[in-house]
Every structure is written in structure tokens, then in C-alpha cells.
$ cat structure_5.pdb   # PDB, C-alpha atoms, pLDDT in the B column
ATOM      1  CA  MET A   1      14.380  19.637 -20.611  1.00 50.00           C
ATOM      2  CA  SER A   2      11.386  20.105 -18.334  1.00 57.00           C
ATOM      3  CA  LYS A   3       9.942  17.434 -16.065  1.00 74.00           C
ATOM      4  CA  GLU A   4       6.921  15.475 -17.238  1.00 88.00           C
ATOM      5  CA  TYR A   5       5.640  14.915 -13.719  1.00 91.00           C
ATOM      6  CA  TYR A   6       4.984  16.771 -10.467  1.00 91.00           C
ATOM      7  CA  GLU A   7       7.320  15.552  -7.731  1.00 92.00           C
ATOM      8  CA  LEU A   8       6.387  15.493  -4.055  1.00 93.00           C
ATOM      9  CA  ALA A   9       8.971  15.415  -1.258  1.00 93.00           C
ATOM     10  CA  HIS A  10      11.341  12.433  -1.111  1.00 95.00           C
ATOM     11  CA  HIS A  11      10.307   9.775   1.424  1.00 95.00           C
ATOM     12  CA  ILE A  12      12.803   7.962   3.618  1.00 96.00           C
ATOM     13  CA  ILE A  13      11.165   4.919   5.176  1.00 96.00           C
ATOM     14  CA  LYS A  14      12.752   2.510   7.642  1.00 97.00           C
ATOM     15  CA  LEU A  15      11.023  -0.851   7.961  1.00 97.00           C
ATOM     16  CA  GLU A  16      11.592  -3.516  10.585  1.00 97.00           C
ATOM     17  CA  PRO A  17      10.283  -7.101  10.344  1.00 97.00           C
ATOM     18  CA  LEU A  18       6.554  -7.384  11.011  1.00 97.00           C
ATOM     19  CA  SER A  19       5.469  -9.250  14.107  1.00 93.00           C
ATOM     20  CA  THR A  20       2.894 -11.848  13.125  1.00 94.00           C
ATOM     21  CA  GLU A  21       2.426 -15.597  12.883  1.00 92.00           C
ATOM     22  CA  GLY A  22       1.082 -17.123   9.672  1.00 95.00           C
ATOM     23  CA  TRP A  23       0.667 -15.694   6.189  1.00 97.00           C
ATOM     24  CA  ILE A  24       0.762 -12.003   5.302  1.00 98.00           C
ATOM     25  CA  LEU A  25      -1.380 -10.923   2.355  1.00 98.00           C
ATOM     26  CA  ASP A  26       0.367  -8.074   0.524  1.00 98.00           C
ATOM     27  CA  ILE A  27      -1.890  -6.047  -1.776  1.00 98.00           C
ATOM     28  CA  GLY A  28      -0.051  -4.578  -4.754  1.00 97.00           C
ATOM     29  CA  GLY A  29       3.005  -6.678  -3.916  1.00 97.00           C
ATOM     30  CA  GLY A  30       4.617  -6.512  -7.357  1.00 95.00           C
ATOM     31  CA  GLY A  31       7.381  -4.184  -8.520  1.00 93.00           C
ATOM     32  CA  GLU A  32       9.881  -3.726  -5.699  1.00 94.00           C
ATOM     33  CA  GLY A  33       7.867  -6.129  -3.539  1.00 97.00           C
ATOM     34  CA  VAL A  34       8.894  -4.292  -0.380  1.00 98.00           C
ATOM     35  CA  ILE A  35       6.871  -6.435   2.058  1.00 98.00           C
ATOM     36  CA  GLY A  36       8.084  -9.613   0.332  1.00 98.00           C
ATOM     37  CA  GLU A  37      11.653  -8.333   0.638  1.00 97.00           C
ATOM     38  CA  LEU A  38      11.055  -7.724   4.328  1.00 97.00           C
ATOM     39  CA  MET A  39       9.175 -10.921   5.233  1.00 98.00           C
ATOM     40  CA  GLY A  40      10.041 -13.446   2.475  1.00 97.00           C
ATOM     41  CA  LYS A  41       8.155 -16.737   2.304  1.00 97.00           C
ATOM     42  CA  GLN A  42       5.595 -15.555   4.844  1.00 98.00           C
ATOM     43  CA  VAL A  43       4.101 -13.220   2.186  1.00 98.00           C
ATOM     44  CA  VAL A  44       1.396 -13.898  -0.381  1.00 98.00           C
ATOM     45  CA  ALA A  45       1.903 -10.997  -2.800  1.00 98.00           C
ATOM     46  CA  ILE A  46      -1.005 -10.156  -5.087  1.00 98.00           C
ATOM     47  CA  ASP A  47      -1.043  -7.681  -7.943  1.00 98.00           C
ATOM     48  CA  LEU A  48      -3.331  -7.067 -10.903  1.00 96.00           C
ATOM     49  CA  ARG A  49      -0.352  -6.978 -13.211  1.00 96.00           C
ATOM     50  CA  LYS A  50       1.615 -10.136 -13.947  1.00 97.00           C
ATOM     51  CA  ASP A  51       4.565  -8.074 -15.233  1.00 97.00           C
ATOM     52  CA  GLU A  52       4.811  -6.283 -11.857  1.00 96.00           C
ATOM     53  CA  LEU A  53       4.963  -9.641 -10.053  1.00 97.00           C
ATOM     54  CA  GLU A  54       7.562 -10.940 -12.532  1.00 97.00           C
ATOM     55  CA  GLU A  55       9.780  -7.932 -11.702  1.00 95.00           C
ATOM     56  CA  THR A  56       9.718  -8.898  -8.022  1.00 95.00           C
ATOM     57  CA  HIS A  57      12.754 -10.862  -6.855  1.00 93.00           C
ATOM     58  CA  ASN A  58      11.954 -12.083  -3.381  1.00 96.00           C
ATOM     59  CA  ASP A  59      10.723 -15.309  -1.783  1.00 97.00           C
ATOM     60  CA  SER A  60       7.050 -14.338  -1.543  1.00 98.00           C
ATOM     61  CA  MET A  61       4.322 -16.378  -3.201  1.00 98.00           C
ATOM     62  CA  LYS A  62       3.163 -14.276  -6.165  1.00 98.00           C
ATOM     63  CA  ILE A  63      -0.414 -14.424  -7.474  1.00 98.00           C
ATOM     64  CA  VAL A  64      -2.152 -12.325 -10.127  1.00 98.00           C
ATOM     65  CA  MET A  65      -5.350 -11.229  -8.382  1.00 98.00           C
ATOM     66  CA  ASP A  66      -7.718  -8.287  -8.086  1.00 98.00           C
ATOM     67  CA  ALA A  67      -7.797  -6.888  -4.541  1.00 98.00           C
ATOM     68  CA  THR A  68     -11.482  -5.967  -4.984  1.00 98.00           C
ATOM     69  CA  GLU A  69     -12.318  -9.651  -5.449  1.00 98.00           C
ATOM     70  CA  LEU A  70      -9.981 -11.677  -3.270  1.00 98.00           C
ATOM     71  CA  LYS A  71     -10.177 -15.427  -3.890  1.00 98.00           C
ATOM     72  CA  PHE A  72      -9.422 -16.339  -0.292  1.00 98.00           C
ATOM     73  CA  LEU A  73     -11.825 -17.672   2.307  1.00 98.00           C
ATOM     74  CA  ASP A  74     -13.158 -15.404   5.044  1.00 98.00           C
ATOM     75  CA  GLU A  75     -10.781 -14.788   7.956  1.00 98.00           C
ATOM     76  CA  SER A  76      -7.772 -16.363   6.160  1.00 97.00           C
ATOM     77  CA  PHE A  77      -4.997 -13.944   7.190  1.00 98.00           C
ATOM     78  CA  PRO A  78      -3.741 -12.574  10.504  1.00 98.00           C
ATOM     79  CA  MET A  79      -2.182  -9.643   8.619  1.00 98.00           C
ATOM     80  CA  VAL A  80      -2.808  -7.753   5.383  1.00 98.00           C
ATOM     81  CA  THR A  81      -0.473  -5.055   4.062  1.00 98.00           C
ATOM     82  CA  ALA A  82      -0.606  -2.431   1.332  1.00 98.00           C
ATOM     83  CA  TYR A  83       2.644  -0.595   0.626  1.00 98.00           C
ATOM     84  CA  TYR A  84       2.066   2.440  -1.626  1.00 97.00           C
ATOM     85  CA  ALA A  85      -0.618   0.539  -3.537  1.00 97.00           C
ATOM     86  CA  LEU A  86      -3.877   2.373  -2.797  1.00 97.00           C
ATOM     87  CA  MET A  87      -2.655   5.616  -4.379  1.00 96.00           C
ATOM     88  CA  TYR A  88      -3.072   3.912  -7.770  1.00 95.00           C
ATOM     89  CA  MET A  89      -6.747   3.129  -7.160  1.00 96.00           C
ATOM     90  CA  PRO A  90      -9.788   5.374  -7.584  1.00 95.00           C
ATOM     91  CA  VAL A  91     -11.727   5.979  -4.352  1.00 94.00           C
ATOM     92  CA  ASP A  92     -14.555   3.577  -5.317  1.00 96.00           C
ATOM     93  CA  VAL A  93     -11.968   0.816  -5.840  1.00 97.00           C
ATOM     94  CA  GLN A  94     -10.275   1.647  -2.523  1.00 97.00           C
ATOM     95  CA  LYS A  95     -13.643   1.150  -0.776  1.00 97.00           C
ATOM     96  CA  LYS A  96     -13.994  -2.324  -2.320  1.00 98.00           C
ATOM     97  CA  VAL A  97     -10.451  -3.201  -1.276  1.00 98.00           C
ATOM     98  CA  PHE A  98     -11.198  -2.247   2.338  1.00 98.00           C
ATOM     99  CA  THR A  99     -14.337  -4.430   2.213  1.00 98.00           C
ATOM    100  CA  GLU A 100     -12.285  -7.397   1.023  1.00 98.00           C
ATOM    101  CA  VAL A 101      -9.485  -6.753   3.519  1.00 98.00           C
ATOM    102  CA  PHE A 102     -12.013  -6.782   6.357  1.00 98.00           C
ATOM    103  CA  ARG A 103     -13.490 -10.038   5.033  1.00 98.00           C
ATOM    104  CA  VAL A 104     -10.184 -11.945   4.789  1.00 98.00           C
ATOM    105  CA  LEU A 105      -8.700 -10.644   8.060  1.00 98.00           C
ATOM    106  CA  GLU A 106      -8.915 -12.935  11.073  1.00 98.00           C
ATOM    107  CA  PRO A 107     -10.616 -11.481  14.159  1.00 98.00           C
ATOM    108  CA  GLY A 108      -7.932  -9.493  15.947  1.00 97.00           C
ATOM    109  CA  GLY A 109      -5.882  -9.315  12.735  1.00 98.00           C
ATOM    110  CA  HIS A 110      -4.114  -6.213  11.448  1.00 98.00           C
ATOM    111  CA  PHE A 111      -4.156  -4.255   8.199  1.00 98.00           C
ATOM    112  CA  LEU A 112      -0.980  -2.186   7.772  1.00 98.00           C
ATOM    113  CA  LEU A 113      -1.157   0.621   5.234  1.00 98.00           C
ATOM    114  CA  TRP A 114       1.715   2.773   3.996  1.00 98.00           C
ATOM    115  CA  ASP A 115       0.950   5.422   1.394  1.00 97.00           C
ATOM    116  CA  ALA A 116       1.616   8.959   0.298  1.00 96.00           C
ATOM    117  CA  LYS A 117      -0.313  12.022   1.314  1.00 96.00           C
ATOM    118  CA  ILE A 118      -1.341  13.390  -2.066  1.00 96.00           C
ATOM    119  CA  PRO A 119      -2.930  16.850  -2.126  1.00 93.00           C
ATOM    120  CA  THR A 120      -5.516  18.021  -4.603  1.00 90.00           C
ATOM    121  CA  LYS A 121      -3.945  18.802  -7.950  1.00 90.00           C
ATOM    122  CA  PRO A 122      -2.234  22.188  -7.859  1.00 90.00           C
ATOM    123  CA  ASP A 123      -2.322  24.633 -10.746  1.00 90.00           C
ATOM    124  CA  THR A 124      -0.147  22.592 -13.109  1.00 89.00           C
ATOM    125  CA  ASP A 125      -0.394  20.991 -16.530  1.00 90.00           C
ATOM    126  CA  LEU A 126       1.436  17.936 -15.205  1.00 91.00           C
ATOM    127  CA  ASP A 127      -0.932  14.954 -14.966  1.00 92.00           C
ATOM    128  CA  VAL A 128       1.334  12.620 -13.008  1.00 94.00           C
ATOM    129  CA  VAL A 129       2.481  12.959  -9.403  1.00 95.00           C
ATOM    130  CA  VAL A 130       5.641  11.116  -8.283  1.00 96.00           C
ATOM    131  CA  ILE A 131       7.099  10.225  -4.894  1.00 96.00           C
ATOM    132  CA  THR A 132      10.696   9.020  -4.748  1.00 96.00           C
ATOM    133  CA  GLN A 133      11.787   6.834  -1.860  1.00 97.00           C
ATOM    134  CA  THR A 134      14.705   5.458   0.048  1.00 97.00           C
ATOM    135  CA  ILE A 135      13.473   2.298   1.795  1.00 97.00           C
ATOM    136  CA  GLU A 136      15.759   1.038   4.543  1.00 98.00           C
ATOM    137  CA  LEU A 137      15.274  -2.663   5.301  1.00 97.00           C
ATOM    138  CA  PRO A 138      17.370  -4.551   7.873  1.00 97.00           C
ATOM    139  CA  ASP A 139      19.624  -6.068   5.185  1.00 95.00           C
ATOM    140  CA  LYS A 140      19.353  -3.723   2.187  1.00 95.00           C
ATOM    141  CA  THR A 141      18.314  -0.302   0.937  1.00 97.00           C
ATOM    142  CA  ILE A 142      15.958   0.201  -1.998  1.00 96.00           C
ATOM    143  CA  GLN A 143      15.859   3.391  -4.089  1.00 97.00           C
ATOM    144  CA  THR A 144      12.614   3.703  -6.012  1.00 96.00           C
ATOM    145  CA  GLY A 145       9.749   5.924  -6.984  1.00 94.00           C
ATOM    146  CA  TYR A 146       5.993   5.660  -7.264  1.00 94.00           C
ATOM    147  CA  GLY A 147       3.964   7.694  -9.717  1.00 93.00           C
ATOM    148  CA  CYS A 148       0.282   7.898 -10.541  1.00 94.00           C
ATOM    149  CA  ARG A 149      -2.249  10.214 -12.096  1.00 93.00           C
ATOM    150  CA  TRP A 150      -3.598  12.853  -9.718  1.00 93.00           C
ATOM    151  CA  PRO A 151      -6.353  11.263  -7.610  1.00 92.00           C
ATOM    152  CA  GLU A 152      -9.912  12.592  -7.825  1.00 89.00           C
ATOM    153  CA  LYS A 153      -9.682  13.740  -4.206  1.00 90.00           C
ATOM    154  CA  GLU A 154      -6.943  14.432  -1.693  1.00 94.00           C
ATOM    155  CA  LEU A 155      -5.478  11.256  -0.191  1.00 96.00           C
ATOM    156  CA  THR A 156      -4.880  11.831   3.507  1.00 96.00           C
ATOM    157  CA  LEU A 157      -4.630  10.012   6.802  1.00 96.00           C
ATOM    158  CA  GLU A 158      -8.239  10.974   7.476  1.00 97.00           C
ATOM    159  CA  HIS A 159      -9.393   9.599   4.110  1.00 97.00           C
ATOM    160  CA  TYR A 160      -7.850   6.162   4.680  1.00 98.00           C
ATOM    161  CA  SER A 161      -8.775   6.041   8.383  1.00 98.00           C
ATOM    162  CA  ASN A 162     -12.408   6.756   7.486  1.00 97.00           C
ATOM    163  CA  LEU A 163     -12.438   4.023   4.834  1.00 97.00           C
ATOM    164  CA  GLY A 164     -11.221   1.543   7.435  1.00 98.00           C
ATOM    165  CA  ARG A 165     -13.653   2.648  10.135  1.00 98.00           C
ATOM    166  CA  LYS A 166     -16.596   2.385   7.719  1.00 97.00           C
ATOM    167  CA  GLN A 167     -15.681  -1.271   7.225  1.00 96.00           C
ATOM    168  CA  GLY A 168     -15.503  -1.963  10.953  1.00 97.00           C
ATOM    169  CA  LEU A 169     -11.753  -1.676  11.423  1.00 98.00           C
ATOM    170  CA  THR A 170     -10.294   0.176  14.404  1.00 98.00           C
ATOM    171  CA  VAL A 171      -7.332   2.514  13.995  1.00 98.00           C
ATOM    172  CA  SER A 172      -4.712   1.444  16.527  1.00 97.00           C
ATOM    173  CA  GLN A 173      -1.858   3.609  15.227  1.00 97.00           C
ATOM    174  CA  GLN A 174      -1.514   6.369  12.663  1.00 96.00           C
ATOM    175  CA  VAL A 175       1.344   8.567  11.492  1.00 96.00           C
ATOM    176  CA  ASP A 176       1.375  11.495   9.075  1.00 95.00           C
ATOM    177  CA  SER A 177       4.980  12.634   8.722  1.00 94.00           C
ATOM    178  CA  GLU A 178       6.390  14.723   5.871  1.00 90.00           C
ATOM    179  CA  GLY A 179       3.906  13.333   3.357  1.00 92.00           C
ATOM    180  CA  LYS A 180       4.310   9.724   4.505  1.00 96.00           C
ATOM    181  CA  LEU A 181       1.202   8.003   5.837  1.00 97.00           C
ATOM    182  CA  TYR A 182       1.133   4.891   8.008  1.00 98.00           C
ATOM    183  CA  ILE A 183      -1.991   3.399   9.550  1.00 98.00           C
ATOM    184  CA  LYS A 184      -2.332   0.216  11.578  1.00 98.00           C
ATOM    185  CA  PHE A 185      -5.901  -1.055  11.632  1.00 98.00           C
ATOM    186  CA  LYS A 186      -7.235  -3.865  13.810  1.00 98.00           C
ATOM    187  CA  LYS A 187     -10.256  -6.051  13.130  1.00 98.00           C
TER     188      LYS A 187
END

$ encode --input "structure_5.pdb" --output "C-alpha cells"
Amino acid sequence: MSKEYYELAHHIIKLEPLSTEGWILDIGGGGEGVIGELMGKQVVAIDLRKDELEETHNDSMKIVMDATELKFLDESFPMVTAYYALMYMPVDVQKKVFTEVFRVLEPGGHFLLWDAKIPTKPDTDLDVVVITQTIELPDKTIQTGYGCRWPEKELTLEHYSNLGRKQGLTVSQQVDSEGKLYIKFKK
């Protein structure tokens, strides 16, 4: 039986607790709810899909919400995260998300972004690209995978960094390692 998807290299990601006071807004925090698993009750996890939030078994506060239209006041969060969430969004939606992230971040706050480097679609009939992961948290390991339709353009460190800079965010750290992207933005 042949595969129905195009698989990129397996990602092994080790996460340590995030250093911040106050609430953490986690965009796309349903499903495995990785940031909620890591930081518990400190996390406000939002997702468009109620079923994704219902699958999440951690202590985060879970709210069905569109990240392009956040219902929070300006400068409400010292930290916003997005763990393998933006890969599911078209580029025009990603731009709106960055606008909203900038709006709800406190001055000096951080936006932490983990995602996959997804190349332009190769010569294949497979419409879905998948990344499997081993996520190592301090107290547990999660085996999972993320799959989406091929994006309209290559998703790279440069792509996401530019989206953040256009909104007024500063890149304070960035890593592109074996297809894994991590960017720490500061407002």
C-alpha cells in the first residue's frame, strides 16, 4: 500500500519550561496542546476547532477563538506562542495573526514560534505534507504528527521573520535546524 502523504524528516524537539510571569496565549493550542502540557494553568489555549480543544488533556484554559480576530484587549499578554500552528494557515491569514499577536503583546513581550520548514511542493501527486515528531517535555514524551496541504509558498525562517518584522516585532533569536524552525520575537 502506498502512502497518501509526503513525509518530511522526523523532528525531535526538547522543550523546557518558558520563563515568563502572567498568562501565555497559545495560538492553535488544541490537539496535543504542547504548550499547555508544558506550562499548565498559565496557558490560555485558543483554537478555531472545538474538537481540537476537547482532545487536549492539560490544565490550560481552552477557548474557541479565531487568531485573526483575538477578543483580548490590547497589550494583554507578556507572551504569545504558536507551536506548529501557522503551517495550517494561508499566508494572508498568517499576516493577520501576526497583526493580532503584536496588538495583544505587552511592550517588551515575546512571541515564540515553532514550525516546520516546508519547501515548495516537489514533483508529486501527494497533496498533503506530514511532519512526525518526538516532543520531549520535562515530565513526558509525546509522539505525534502534523499534516497539512502544501502551502502556496515555501515556509521558511525568513518568511516568518519577515512577517514579524513587518508588524514591528524584533527577532531576538532564530534557529533553522533539520527542518525545525524556532523564532523568538520581542515587541

$ resolve_selection --input "structure_5.pdb" --expression "the PyMOL selection byres ((chain A and resi 161-169) around 8)" --output "number ranges by chain"
A: 95, 98-99, 102, 157-160, 170-171, 183, 185-187

$ resolve_selection --input "structure_5.pdb" --expression "the PyMOL selection byres ((chain A and resi 12) around 8)" --output "list in words"
His10, His11, Ile13, Lys14, Gln133, Thr134, Ile135 and Glu136 of chain A

$ residues_around --input "structure_5.pdb" --residues "stretch 71-82 of chain A" --least-positions-apart "3" --cutoff "10 Å" --atoms "all atoms listed in the file" --output "PyMOL selection string"
chain A and resi 18-29+34-35+43-45+65-68+85-86+100-115+184-187

$ write_last_selection --input "structure_5.pdb" --atoms "C-alpha atoms" --output "compact mmCIF listing (two decimals), in the coordinates of the input"
# COMPACT_ATOMS: atom_id res chain seq x y z
CA LEU A 18 6.55 -7.38 11.01
CA SER A 19 5.47 -9.25 14.11
CA THR A 20 2.89 -11.85 13.12
CA GLU A 21 2.43 -15.60 12.88
CA GLY A 22 1.08 -17.12 9.67
CA TRP A 23 0.67 -15.69 6.19
CA ILE A 24 0.76 -12.00 5.30
CA LEU A 25 -1.38 -10.92 2.36
CA ASP A 26 0.37 -8.07 0.52
CA ILE A 27 -1.89 -6.05 -1.78
CA GLY A 28 -0.05 -4.58 -4.75
CA GLY A 29 3.00 -6.68 -3.92
CA VAL A 34 8.89 -4.29 -0.38
CA ILE A 35 6.87 -6.44 2.06
CA VAL A 43 4.10 -13.22 2.19
CA VAL A 44 1.40 -13.90 -0.38
CA ALA A 45 1.90 -11.00 -2.80
CA MET A 65 -5.35 -11.23 -8.38
CA ASP A 66 -7.72 -8.29 -8.09
CA ALA A 67 -7.80 -6.89 -4.54
CA THR A 68 -11.48 -5.97 -4.98
CA ALA A 85 -0.62 0.54 -3.54
CA LEU A 86 -3.88 2.37 -2.80
CA GLU A 100 -12.28 -7.40 1.02
CA VAL A 101 -9.48 -6.75 3.52
CA PHE A 102 -12.01 -6.78 6.36
CA ARG A 103 -13.49 -10.04 5.03
CA VAL A 104 -10.18 -11.94 4.79
CA LEU A 105 -8.70 -10.64 8.06
CA GLU A 106 -8.91 -12.94 11.07
CA PRO A 107 -10.62 -11.48 14.16
CA GLY A 108 -7.93 -9.49 15.95
CA GLY A 109 -5.88 -9.32 12.74
CA HIS A 110 -4.11 -6.21 11.45
CA PHE A 111 -4.16 -4.26 8.20
CA LEU A 112 -0.98 -2.19 7.77
CA LEU A 113 -1.16 0.62 5.23
CA TRP A 114 1.72 2.77 4.00
CA ASP A 115 0.95 5.42 1.39
CA LYS A 184 -2.33 0.22 11.58
CA PHE A 185 -5.90 -1.06 11.63
CA LYS A 186 -7.24 -3.86 13.81
CA LYS A 187 -10.26 -6.05 13.13

$ resolve_selection --input "structure_5.pdb" --expression "the PyMOL selection byres ((chain A and resi 176) around 10)" --output "short mmCIF file (atom, residue, chain, number, x, y, z; two decimals) with C-alpha atoms, in the coordinates of the input"
data_model
loop_
_atom_site.label_atom_id
_atom_site.label_comp_id
_atom_site.auth_asym_id
_atom_site.auth_seq_id
_atom_site.Cartn_x
_atom_site.Cartn_y
_atom_site.Cartn_z
CA ASP A 115 0.95 5.42 1.39
CA ALA A 116 1.62 8.96 0.30
CA LYS A 117 -0.31 12.02 1.31
CA THR A 156 -4.88 11.83 3.51
CA LEU A 157 -4.63 10.01 6.80
CA GLU A 158 -8.24 10.97 7.48
CA GLN A 174 -1.51 6.37 12.66
CA VAL A 175 1.34 8.57 11.49
CA SER A 177 4.98 12.63 8.72
CA GLU A 178 6.39 14.72 5.87
CA GLY A 179 3.91 13.33 3.36
CA LYS A 180 4.31 9.72 4.50
CA LEU A 181 1.20 8.00 5.84
CA TYR A 182 1.13 4.89 8.01
CA ILE A 183 -1.99 3.40 9.55
#

$ atom_distance --input "structure_5.pdb" --atom1 "atom CA of A:Ile46" --atom2 "atom CA of A:Ile118"
23.7 Å

$ atom_distance --input "structure_5.pdb" --atom1 "atom CA of A:Leu48" --atom2 "atom CA of A:Gly33"
13.4 Å
